[in-house]
Every structure is written in C-alpha cells, then in structure tokens.
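As provided, entry03.cif (mmCIF, C-alpha atoms, pLDDT in the B column; chains and numbers go by the auth columns) reads as follows.
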data_data
loop_
_atom_site.group_PDB
_atom_site.id
_atom_site.type_symbol
_atom_site.label_atom_id
_atom_site.label_comp_id
_atom_site.label_asym_id
_atom_site.label_seq_id
_atom_site.Cartn_x
_atom_site.Cartn_y
_atom_site.Cartn_z
_atom_site.B_iso_or_equiv
_atom_site.auth_seq_id
_atom_site.auth_asym_id
ATOM 1 C CA MET A 1 122.580 93.066 114.007 89.00 32 A
ATOM 2 C CA ILE A 2 122.708 95.479 111.101 95.00 33 A
ATOM 3 C CA ARG A 3 125.215 94.822 108.340 96.00 34 A
ATOM 4 C CA GLU A 4 125.842 97.211 105.452 96.00 35 A
ATOM 5 C CA VAL A 5 126.758 95.665 102.103 97.00 36 A
ATOM 6 C CA GLU A 6 127.169 96.475 98.433 96.00 37 A
ATOM 7 C CA GLY A 7 125.562 94.356 95.730 96.00 38 A
ATOM 8 C CA ASP A 8 122.298 93.333 94.121 95.00 39 A
ATOM 9 C CA ILE A 9 119.506 93.041 96.691 95.00 40 A
ATOM 10 C CA LEU A 10 117.589 90.752 94.316 92.00 41 A
ATOM 11 C CA LEU A 11 120.325 88.158 94.915 93.00 42 A
ATOM 12 C CA SER A 12 119.899 88.384 98.686 94.00 43 A
ATOM 13 C CA GLU A 13 119.538 85.191 100.686 94.00 44 A
ATOM 14 C CA ALA A 14 117.621 86.988 103.432 96.00 45 A
ATOM 15 C CA GLN A 15 114.225 85.508 104.219 95.00 46 A
ATOM 16 C CA VAL A 16 112.468 88.718 103.180 96.00 47 A
ATOM 17 C CA ILE A 17 113.287 91.821 101.175 96.00 48 A
ATOM 18 C CA ALA A 18 111.681 94.994 102.511 97.00 49 A
ATOM 19 C CA HIS A 19 111.428 98.152 100.411 92.00 50 A
ATOM 20 C CA GLY A 20 109.522 101.410 100.336 90.00 51 A
ATOM 21 C CA ILE A 21 106.676 102.179 97.964 86.00 52 A
ATOM 22 C CA ALA A 22 103.798 104.627 97.617 81.00 53 A
ATOM 23 C CA THR A 23 100.182 103.806 98.394 77.00 54 A
ATOM 24 C CA GLN A 24 99.271 103.601 94.681 71.00 55 A
ATOM 25 C CA ASP A 25 102.798 102.926 93.449 68.00 56 A
ATOM 26 C CA PRO A 26 103.258 102.436 89.688 70.00 57 A
ATOM 27 C CA PHE A 27 106.330 100.193 90.328 75.00 58 A
ATOM 28 C CA ASP A 28 108.121 101.980 87.497 75.00 59 A
ATOM 29 C CA SER A 29 111.509 102.918 88.988 74.00 60 A
ATOM 30 C CA GLY A 30 114.302 101.648 91.189 79.00 61 A
ATOM 31 C CA LEU A 31 113.908 98.480 93.217 83.00 62 A
ATOM 32 C CA ALA A 32 110.119 98.509 92.739 85.00 63 A
ATOM 33 C CA LEU A 33 110.626 98.224 88.973 82.00 64 A
ATOM 34 C CA ALA A 34 113.155 95.399 89.389 87.00 65 A
ATOM 35 C CA LEU A 35 110.708 93.554 91.645 86.00 66 A
ATOM 36 C CA ARG A 36 107.864 94.122 89.148 87.00 67 A
ATOM 37 C CA GLU A 37 110.001 92.629 86.384 90.00 68 A
ATOM 38 C CA ARG A 38 110.929 89.602 88.510 89.00 69 A
ATOM 39 C CA PHE A 39 107.508 89.094 90.164 88.00 70 A
ATOM 40 C CA PRO A 40 104.773 90.588 87.926 87.00 71 A
ATOM 41 C CA SER A 41 102.060 88.846 89.956 88.00 72 A
ATOM 42 C CA MET A 42 103.122 90.834 93.046 88.00 73 A
ATOM 43 C CA VAL A 43 102.102 94.086 91.362 86.00 74 A
ATOM 44 C CA LYS A 44 98.743 92.664 90.275 89.00 75 A
ATOM 45 C CA ASP A 45 98.120 91.394 93.811 88.00 76 A
ATOM 46 C CA TYR A 46 99.171 94.760 95.261 86.00 77 A
ATOM 47 C CA ARG A 47 96.794 96.717 93.041 84.00 78 A
ATOM 48 C CA HIS A 48 93.951 94.386 93.983 87.00 79 A
ATOM 49 C CA ALA A 49 94.799 94.750 97.690 85.00 80 A
ATOM 50 C CA MET A 50 94.918 98.542 97.397 80.00 81 A
ATOM 51 C CA ARG A 51 91.429 98.647 95.885 79.00 82 A
ATOM 52 C CA ALA A 52 90.085 96.245 98.489 83.00 83 A
ATOM 53 C CA ASN A 53 91.704 97.647 101.641 81.00 84 A
ATOM 54 C CA ALA A 54 93.116 101.131 100.871 74.00 85 A
ATOM 55 C CA PRO A 55 96.051 100.958 103.324 76.00 86 A
ATOM 56 C CA ASP A 56 97.623 104.181 104.497 84.00 87 A
ATOM 57 C CA THR A 57 101.175 105.464 104.578 86.00 88 A
ATOM 58 C CA GLY A 58 103.114 103.805 107.384 90.00 89 A
ATOM 59 C CA ASP A 59 101.402 100.454 106.793 91.00 90 A
ATOM 60 C CA VAL A 60 103.050 97.319 105.397 93.00 91 A
ATOM 61 C CA TRP A 61 101.822 94.884 102.762 90.00 92 A
ATOM 62 C CA VAL A 62 103.400 91.427 102.655 93.00 93 A
ATOM 63 C CA TRP A 63 103.637 89.285 99.541 94.00 94 A
ATOM 64 C CA ARG A 64 105.141 85.834 99.028 93.00 95 A
ATOM 65 C CA GLY A 65 106.110 84.362 95.679 89.00 96 A
ATOM 66 C CA VAL A 66 108.414 81.781 94.177 87.00 97 A
ATOM 67 C CA ASN A 67 111.963 82.395 92.948 81.00 98 A
ATOM 68 C CA GLU A 68 113.349 80.785 89.793 80.00 99 A
ATOM 69 C CA ASP A 69 114.948 78.051 91.952 82.00 100 A
ATOM 70 C CA GLY A 70 111.600 77.167 93.548 85.00 101 A
ATOM 71 C CA SER A 71 112.342 78.795 96.905 84.00 102 A
ATOM 72 C CA VAL A 72 109.823 81.132 98.519 86.00 103 A
ATOM 73 C CA ARG A 73 110.588 84.848 98.351 90.00 104 A
ATOM 74 C CA GLY A 74 108.955 87.163 100.848 95.00 105 A
ATOM 75 C CA ILE A 75 108.582 90.836 99.955 95.00 106 A
ATOM 76 C CA VAL A 76 107.526 93.368 102.580 96.00 107 A
ATOM 77 C CA ASN A 77 106.257 96.527 100.946 92.00 108 A
ATOM 78 C CA LEU A 78 106.627 99.460 103.328 94.00 109 A
ATOM 79 C CA LEU A 79 104.191 102.234 102.434 91.00 110 A
ATOM 80 C CA THR A 80 106.522 105.169 102.978 91.00 111 A
ATOM 81 C CA GLN A 81 104.906 107.593 100.511 78.00 112 A
ATOM 82 C CA GLY A 82 101.553 108.927 99.502 67.00 113 A
ATOM 83 C CA MET A 83 100.427 110.079 96.078 62.00 114 A
ATOM 84 C CA GLN A 84 99.912 113.539 94.531 62.00 115 A
ATOM 85 C CA SER A 85 96.245 112.735 93.958 60.00 116 A
ATOM 86 C CA GLN A 86 93.888 109.852 93.188 68.00 117 A
ATOM 87 C CA ASP A 87 94.275 110.467 89.443 66.00 118 A
ATOM 88 C CA LYS A 88 95.693 107.549 87.440 69.00 119 A
ATOM 89 C CA ALA A 89 98.592 109.743 86.262 65.00 120 A
ATOM 90 C CA ALA A 90 99.478 110.834 89.821 65.00 121 A
ATOM 91 C CA ARG A 91 103.052 110.328 90.973 73.00 122 A
ATOM 92 C CA PRO A 92 104.372 109.426 94.440 69.00 123 A
ATOM 93 C CA VAL A 93 105.183 112.346 96.716 67.00 124 A
ATOM 94 C CA LYS A 94 108.261 112.703 98.890 86.00 125 A
ATOM 95 C CA ALA A 95 108.363 110.305 101.836 89.00 126 A
ATOM 96 C CA LYS A 96 107.828 111.605 105.362 93.00 127 A
ATOM 97 C CA LEU A 97 110.001 110.493 108.264 95.00 128 A
ATOM 98 C CA GLU A 98 106.940 109.811 110.411 94.00 129 A
ATOM 99 C CA ASP A 99 105.596 107.380 107.774 94.00 130 A
ATOM 100 C CA VAL A 100 108.984 105.661 107.479 96.00 131 A
ATOM 101 C CA ASN A 101 109.077 105.430 111.272 97.00 132 A
ATOM 102 C CA ARG A 102 105.596 103.834 111.400 96.00 133 A
ATOM 103 C CA ALA A 103 106.434 101.407 108.575 96.00 134 A
ATOM 104 C CA LEU A 104 109.674 100.309 110.261 98.00 135 A
ATOM 105 C CA ARG A 105 107.810 99.814 113.543 97.00 136 A
ATOM 106 C CA ALA A 106 105.273 97.647 111.666 97.00 137 A
ATOM 107 C CA LEU A 107 108.127 95.709 110.009 98.00 138 A
ATOM 108 C CA ALA A 108 109.734 95.035 113.403 98.00 139 A
ATOM 109 C CA LYS A 109 106.392 93.737 114.729 98.00 140 A
ATOM 110 C CA LEU A 110 105.985 91.538 111.647 97.00 141 A
ATOM 111 C CA VAL A 111 109.486 90.101 112.139 98.00 142 A
ATOM 112 C CA GLN A 112 108.673 89.232 115.751 97.00 143 A
ATOM 113 C CA ASP A 113 105.144 87.925 115.097 97.00 144 A
ATOM 114 C CA GLU A 114 106.136 85.710 112.158 96.00 145 A
ATOM 115 C CA GLY A 115 109.567 84.631 113.404 97.00 146 A
ATOM 116 C CA ILE A 116 111.348 86.065 110.371 97.00 147 A
ATOM 117 C CA LYS A 117 115.040 85.120 110.534 97.00 148 A
ATOM 118 C CA SER A 118 116.628 87.773 108.261 97.00 149 A
ATOM 119 C CA VAL A 119 115.707 90.948 106.363 98.00 150 A
ATOM 120 C CA ALA A 120 117.366 92.765 103.465 97.00 151 A
ATOM 121 C CA LEU A 121 116.476 96.333 102.563 97.00 152 A
ATOM 122 C CA PRO A 122 117.874 99.183 100.481 96.00 153 A
ATOM 123 C CA ARG A 123 118.603 102.697 101.685 95.00 154 A
ATOM 124 C CA LEU A 124 114.923 103.096 102.413 94.00 155 A
ATOM 125 C CA ALA A 125 112.998 106.155 101.149 93.00 156 A
ATOM 126 C CA THR A 126 116.125 107.873 99.794 93.00 157 A
ATOM 127 C CA GLY A 127 115.489 107.364 96.061 86.00 158 A
ATOM 128 C CA VAL A 128 112.029 108.378 94.873 80.00 159 A
ATOM 129 C CA GLY A 129 111.195 109.086 98.541 87.00 160 A
ATOM 130 C CA ALA A 130 113.855 111.838 98.515 90.00 161 A
ATOM 131 C CA LEU A 131 114.749 111.592 102.208 93.00 162 A
ATOM 132 C CA ASP A 132 118.257 112.046 103.550 95.00 163 A
ATOM 133 C CA TRP A 133 119.923 108.734 104.491 96.00 164 A
ATOM 134 C CA ALA A 134 121.371 110.398 107.594 97.00 165 A
ATOM 135 C CA GLU A 135 117.779 110.816 108.857 97.00 166 A
ATOM 136 C CA VAL A 136 116.514 107.357 107.838 97.00 167 A
ATOM 137 C CA LYS A 137 119.454 105.214 108.992 97.00 168 A
ATOM 138 C CA PRO A 138 118.894 105.927 112.724 97.00 169 A
ATOM 139 C CA LEU A 139 115.260 104.796 112.372 97.00 170 A
ATOM 140 C CA ILE A 140 116.423 101.486 110.903 97.00 171 A
ATOM 141 C CA GLN A 141 118.852 101.083 113.797 97.00 172 A
ATOM 142 C CA GLN A 142 116.147 102.016 116.315 97.00 173 A
ATOM 143 C CA HIS A 143 113.469 99.618 115.051 98.00 174 A
ATOM 144 C CA LEU A 144 115.459 96.731 113.568 98.00 175 A
ATOM 145 C CA GLY A 145 118.826 96.817 115.327 97.00 176 A
ATOM 146 C CA GLY A 146 117.654 95.080 118.485 96.00 177 A
ATOM 147 C CA LEU A 147 115.661 92.269 116.864 97.00 178 A
ATOM 148 C CA GLY A 148 118.480 89.736 117.190 96.00 179 A
ATOM 149 C CA ILE A 149 118.395 88.816 113.489 97.00 180 A
ATOM 150 C CA PRO A 150 120.601 89.784 110.555 97.00 181 A
ATOM 151 C CA VAL A 151 119.367 93.000 108.930 98.00 182 A
ATOM 152 C CA ILE A 152 121.235 93.521 105.676 98.00 183 A
ATOM 153 C CA VAL A 153 121.212 97.101 104.380 98.00 184 A
ATOM 154 C CA TYR A 154 122.209 97.421 100.735 97.00 185 A
ATOM 155 C CA GLU A 155 124.073 100.731 100.864 93.00 186 A
ATOM 156 C CA VAL A 156 125.267 100.560 97.246 89.00 187 A
ATOM 157 C CA TYR A 157 123.462 98.795 94.391 88.00 188 A
ATOM 158 C CA ARG A 158 125.662 96.726 92.072 90.00 189 A
ATOM 159 C CA LYS A 159 123.549 94.902 89.496 89.00 190 A
ATOM 160 C CA GLY A 160 124.261 91.170 89.291 92.00 191 A
ATOM 161 C CA GLU A 161 126.794 91.251 92.143 95.00 192 A
ATOM 162 C CA LYS A 162 126.080 88.982 95.101 95.00 193 A
ATOM 163 C CA ALA A 163 126.839 90.720 98.394 96.00 194 A
ATOM 164 C CA ASP A 164 128.701 89.040 101.248 93.00 195 A
ATOM 165 C CA GLU A 165 125.739 88.953 103.612 95.00 196 A
ATOM 166 C CA LYS A 166 127.394 86.484 106.016 90.00 197 A
ATOM 167 C CA LEU A 167 124.079 84.684 106.587 88.00 198 A
ATOM 168 C CA ALA A 168 125.395 81.115 106.422 71.00 199 A
#
Would you give me this structure, written as structure tokens?
Amino acid sequence: MIREVEGDILLSEAQVIAHGIATQDPFDSGLALALRERFPSMVKDYRHAMRANAPDTGDVWVWRGVNEDGSVRGIVNLLTQGMQSQDKAARPVKAKLEDVNRALRALAKLVQDEGIKSVALPRLATGVGALDWAEVKPLIQQHLGGLGIPVIVYEVYRKGEKADEKLA
C-alpha cells in the first residue's frame, strides 16, 4: 500500500529509505546531502563501491548503518542518473524514465528477496533528476504498490517534522 505524507524522511520509521542518485554522485544537494551529513561513512563506502564495481544507471546500491539511537538504518541508493562525463567536476545529468523504471524494478526485487517490511522514499528523480512527478508516480505504483508492504512517499519535505506514517 502506498501512503503519501508530508514531513522529514530522515525521521521515517520505515525499515529502509530509498532515494535516487547519480552513478558518481557528489551527495551535495537535497536528500543525498542530508544523508551524507547524517551518515558520512555511507558516501565513503559508495565511492569505494563505484570504483570497484562501476554500477550502471538503473542499478541499486544498498547500505546499512547505525542511527543515533543504535537502530540499524538501511539506505537503498537508486541509480537514476548518469554523469556529464568522467571528469571529477562533472555534474549529474537529468534522470531518464527508463532508468527510474529499472531501479524501481530492482528495488521491488530487493524488497521481496530480503523480506523488507517497509520503504520510505521522496518524490523520486524530480529534484536534481528533473523528471515530472506525474510521470514517475505511476512507476512507483506499478513496481511497489502490489508488494503488500507500506510504501511511504514523502510528497512534501518539512525539516524536523515527523510524518504520520501509520506504521505501528
């Protein structure tokens, strides 16, 4: 079931937070920046993984860390964008619907394979990715709507405000 909420996704009680990034993302804006500030080791691990494996757009990269309260936080990085070039100063390019589609399909498989009980995600690929939410939302419904778990979509970001996710 998909539930749309307003609030701070970093305060989510969902088992994992999924978000879109670029293949060589600098983690310097939006949710990626907030995650970098909260979990700096995730970015170091991501950069190491990118050098070692060079995943492609449409892939997912999973990371698990520890929250301030000692609980485990799962982050699923959906590679929804490529880069302008391989240059260190290169910026992410606009997301493509086919890459978002592939990444959401991979997320759905991950949820099923690992028995994930709940997922929170923002309006995927609509910030830096520059896609239209009206085109992305149906893909979320298509791939995640029938999983039988709560899928919490943070439609509006409100820093420091806990959303009513109705997970308990």
Long-range neighbours of stretch 134-140 of chain A as an MDAnalysis selection string, 9 Å cut-off, only C-alpha atoms, 4 positions minimum in chain: chainID A and resid 49 51 88:91 107 109:111 129:130 144:145 170:171 174:175 178
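Separating atom CA of A:Ser60 from atom CA of A:Ala194 is a distance of 21.7 Å.
When atom CA of A:Gln172 is paired with atom CA of A:Gly191, their separation reads 27.0 Å.
A straight line drawn from atom CA of A:Pro169 to atom CA of A:Val93 is 23.5 Å long.
Closest to A:Ala80 among A:Val184, A:Glu99, A:Ile48, A:Thr54 is A:Thr54, based on only C-alpha atoms.
This file, queried with the PyMOL selection byres ((chain A and resi 147) around 10), gives the residues Ala45, Gln46, Val47, Gly105, Ala139, Leu141, Val142, Gln143, Asp144, Glu145, Gly146, Lys148, Ser149, Val150, Leu178, Ile180 and Pro181 of chain A.
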Residues around (113.8, 102.8, 93.8), cut-off 6 Å, counting only C-alpha atoms - what are they as a PyMOL selection string? chain A and resi 60-63+158-159
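Using all atoms listed in the file, the shortest contact distance between A:Ala199 and any of A:Ser43, A:Gly38, A:Leu64, A:Gly179 is found at A:Ser43.
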Who sits within 10 Å of stretch 66-79 of chain A, all atoms listed in the file, same chain under 5 positions skipped, as a PyMOL selection string: chain A and resi 41+50+54-61+84-85+92-99+104+106+108
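Ranking A:Glu166, A:Asp100, A:Asp87, A:Glu196 by their shortest atom-to-atom distance to A:Ala151, with all atoms listed in the file included, puts A:Glu196 first.
With all atoms listed in the file as the atoms that count, the residue of A:Arg133, A:Arg34, A:Lys127, A:Lys190 with the shortest distance to A:Leu162 is A:Lys127.
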